[in-house]
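Colleague: Please read through the structure below; I'll follow up with questions.
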Amino acid sequence: MKIVDASTPEAMANRPRFHSALRETSPVARSADGEYYLVAGFENVKAVLENHEHFSKSWGSQLAPMEHLIALNQDPPAFNEFKRLYNAYMSPAGVKRWARDCERIANEVIDGFEGSGSGDLQELFGKPVPAKVTARALGFPEDRVDTYRRWTDTFLDAIIRAPDVQKRVMDEIYAFFDEQFDFKRQQLRDAGIESPNREHVGTVIDDSLTSVLLTATYHGRYLTNEELRRTVRGFFIGGVDTTGALMLNTLQHLLARPHLWEQVKESPDLVENAIEETLRIDPPAIGMFRGATRDVEMAGEVIPQNSRVLFSVLSANRDPDMFEDPDEFRLDRRDGKRHIAFGTGAHFCPGAWTARMEAAIALRIFIRRLPKLRLVGPVEYFPTINFLIVRRFPAAWD
Ligand code: HEM
């Protein structure tokens, strides 16, 4: 089996080339550090994501195993019941409840930096907008955005360097979550409610995902604090850097093609096509992990039992068997929606509709208010093997 290294400066400098080469020459490969196997190509990746008996999420979807078989870290069929707790709330129709908040937040954030004429858009826009929208969706105070950013940055840092770094902030995050749960439970008690249910969401306690999870029953009981913490953490961490990267990567693709930038300014609805095409060509989550439950044969190789497996979303999204001229950024694709930037199967990203709506609203406002945006230096990315997250986006505007 071929040995490959996704962490070399060359691989990091051109991730699409690295992942396409994998797909073309060694769709099942082993990492140079011996820590995991890589799977590339649309059909192979889909097979990993849809075969829960061979590839399990029971230890989470990052390289370092997380807590086992609880909340989001479960496989079907048990997981199917768990995700019913939030699926309808996070659906395309459901997330519209946050459309006004997305507009307000995007405008407020832009008000804060518009006058400065130049700066790092990751710092000014890519981080604060999703952090505030996530806070709103979870019913957390929006004004603690600096704290939230410190937490999400630590997680990113941990993915890059050492998984145990995240343990240091985990206690802090969980203490904050517990405070939020207790606050809502107290509001329910103050209203004399002992057995809360969905009717109390948006009436006695705020209309947020945390309230939905607090009042839902699962196997005939309420979620435990452990289940609540870990589920809320998934939503809290999952949506900030990814959505920020989606917005900035979309801007970058448009700025690199001035005729498309002009087209989108003239027809703002095209921003949705630009977002979808960015998700396909530069997915913020390049890949995630599963655990092999047994020896699995794939593409003529054997992935051994108990190994971690990185499925390459990037290689799948640029697979020429699925997409015409896959390396070309186009606003008029017919095959574009087949991409798997949000995964596929049981663990399809439950934040997909929030991310799409938030990015579309925020970018429409951004492009209207800063039509003379330009890049003034190279865009930098964090050196992670499985995320494409912007570190610096130096820009100027009039
Ligand atoms: C552009 C933005 C986003 C991208 C590219 C993205 C990508 C992904 C991918 C690929 C997965 C599947 C992981 C797997 O199968 O192991 C996932 C799962 C998840 N995402 Fe997102 N995501 C985005 C935004 C969000 C947002 C805004 C939220 C929260 C509102 C969110 C919350 C989650 C959660 C909780 C999971 C775990 C689901 C599960 O394991 O069943 N994501 N995301």
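Identifiers for the structure tokens are assigned positionally: chains receive A, B, ... in sequence, residues are indexed from 1 per chain, and ligands are indexed from 1 in the order shown.
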Contacts between ligand 1 and chain A, please, where a residue of chain A counts if it comes within 6 Å (with only C-alpha atoms and all ligand atoms); show its shortest atom pair and distance in Å to one decimal, rows by chain and ascending number, as a tab-separated table.
Modeller:
residue	atom	partner	partner_atom_place_in_ligand_line	distance
A:Ser61	CA	ligand 1	16 (O)	4.5
A:Leu72	CA	ligand 1	40 (O)	4.9
A:Gly234	CA	ligand 1	35 (C)	4.2
A:Phe235	CA	ligand 1	35 (C)	4.0
A:Gly238	CA	ligand 1	32 (C)	4.2
A:Gly239	CA	ligand 1	26 (C)	3.3
A:Thr242	CA	ligand 1	2 (C)	4.3
A:Thr243	CA	ligand 1	2 (C)	4.0
A:Leu246	CA	ligand 1	1 (C)	5.1
A:Pro283	CA	ligand 1	5 (C)	5.8
A:Pro284	CA	ligand 1	5 (C)	4.8
A:Ala285	CA	ligand 1	5 (C)	5.0
A:Met288	CA	ligand 1	16 (O)	5.5
A:Ala341	CA	ligand 1	5 (C)	5.3
A:Phe342	CA	ligand 1	10 (C)	3.9
A:Gly343	CA	ligand 1	10 (C)	4.1
A:His347	CA	ligand 1	41 (O)	3.5
A:Phe348	CA	ligand 1	12 (C)	5.2
A:Cys349	CA	ligand 1	18 (C)	3.7
A:Pro350	CA	ligand 1	33 (C)	5.3
A:Gly351	CA	ligand 1	28 (C)	3.5
A:Ala352	CA	ligand 1	24 (C)	5.4
A:Thr354	CA	ligand 1	27 (C)	5.3
A:Ala355	CA	ligand 1	27 (C)	4.4
Colleague: Could you give me, as JSON lines, every segment 246-313 of chain A residue with an atom at most 12 Å from segment 107-123 of chain A, plus its closest atom pair and distance in Å to one decimal, counting only C-alpha atoms, rows ordered by chain then number?
Modeller:
{"residue": "A:Leu246", "atom": "CA", "partner": "A:Gln122", "partner_atom": "CA", "distance": 11.1}
{"residue": "A:Met247", "atom": "CA", "partner": "A:Gln122", "partner_atom": "CA", "distance": 9.6}
{"residue": "A:Leu248", "atom": "CA", "partner": "A:Gln122", "partner_atom": "CA", "distance": 7.5}
{"residue": "A:Asn249", "atom": "CA", "partner": "A:Gln122", "partner_atom": "CA", "distance": 10.5}
{"residue": "A:Leu251", "atom": "CA", "partner": "A:Leu121", "partner_atom": "CA", "distance": 10.4}
{"residue": "A:Gln252", "atom": "CA", "partner": "A:Leu121", "partner_atom": "CA", "distance": 11.1}
Colleague: Export C-alpha atoms of the chosen residues as a compact mmCIF listing (two decimals), in the first residue's frame?
Modeller:
# COMPACT_ATOMS: atom_id res chain seq x y z
CA LEU A 246 -17.06 29.08 3.48
CA MET A 247 -17.83 32.82 3.37
CA LEU A 248 -14.23 33.91 2.87
CA ASN A 249 -13.43 31.16 0.33
CA LEU A 251 -15.26 35.85 -1.67
CA GLN A 252 -11.81 34.69 -2.71
Colleague: Kindly give the distance, in Å, that separates atom CA of Ala64 of chain A and atom CA of Phe18 of chain A, rounded to a single decimal.
Modeller: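 Atom-to-atom, atom CA of Ala64 of chain A to atom CA of Phe18 of chain A, that is 22.4 Å.
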Colleague: Using only C-alpha atoms, find the one residue out of A:Leu270, A:Leu260, A:Met298, A:Ala137 that sits nearest to Leu363 of chain A.
Modeller: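 Under the stated criterion, the closest residue is A:Leu270.
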Colleague: Determine the nearest neighbour of Pro16 of chain A from the options A:Asp101, A:Glu328, A:Glu226, A:Asp178, counting only C-alpha atoms.
Modeller: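 For Pro16 of chain A, the nearest of the candidates is A:Glu328.
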Colleague: Could you produce a table of the residues of segment 35-109 of chain A lying within 12 Å of segment 128-135 of chain A, with the nearest pair of atoms per residue and their separation in Å rounded to one decimal, using only C-alpha atoms, ordered by chain and increasing residue number, as a tab-separated table?
Modeller:
residue	atom	partner	partner_atom	distance
A:Val95	CA	A:Val133	CA	11.2
A:Arg97	CA	A:Val133	CA	11.7
A:Trp98	CA	A:Val133	CA	8.1
A:Ala99	CA	A:Val133	CA	9.8
A:Arg100	CA	A:Val133	CA	10.6
A:Asp101	CA	A:Val133	CA	7.3
A:Cys102	CA	A:Val133	CA	6.4
A:Glu103	CA	A:Val133	CA	9.9
A:Arg104	CA	A:Val133	CA	9.9
A:Ile105	CA	A:Val129	CA	6.4
A:Ala106	CA	A:Val129	CA	6.2
A:Asn107	CA	A:Val129	CA	9.5
A:Glu108	CA	A:Val129	CA	9.2
A:Val109	CA	A:Val129	CA	6.8
Colleague: Using only C-alpha atoms, find the one residue out of A:Gln62, A:Ile367, A:Ile3, A:Tyr218 that sits nearest to Ser267 of chain A.
Modeller: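 When distances to Ser267 of chain A are compared using only C-alpha atoms, the smallest one comes from A:Ile367.
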Colleague: Have a look at A:Val309, A:Asp207, A:Gly345, A:Lys96 and name the one nearest to Pro76 of chain A; count only C-alpha atoms.
Modeller: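 Going through A:Val309, A:Asp207, A:Gly345, A:Lys96 one by one, the smallest distance to Pro76 of chain A is for A:Gly345.
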Colleague: What lies within 9 Å of Arg23 of chain A using only C-alpha atoms, ignoring chain neighbours under 5 positions off, as an NGL selection string?
Modeller: :A and (18 or 28 or 39-42 or 312 or 315-316 or 319)
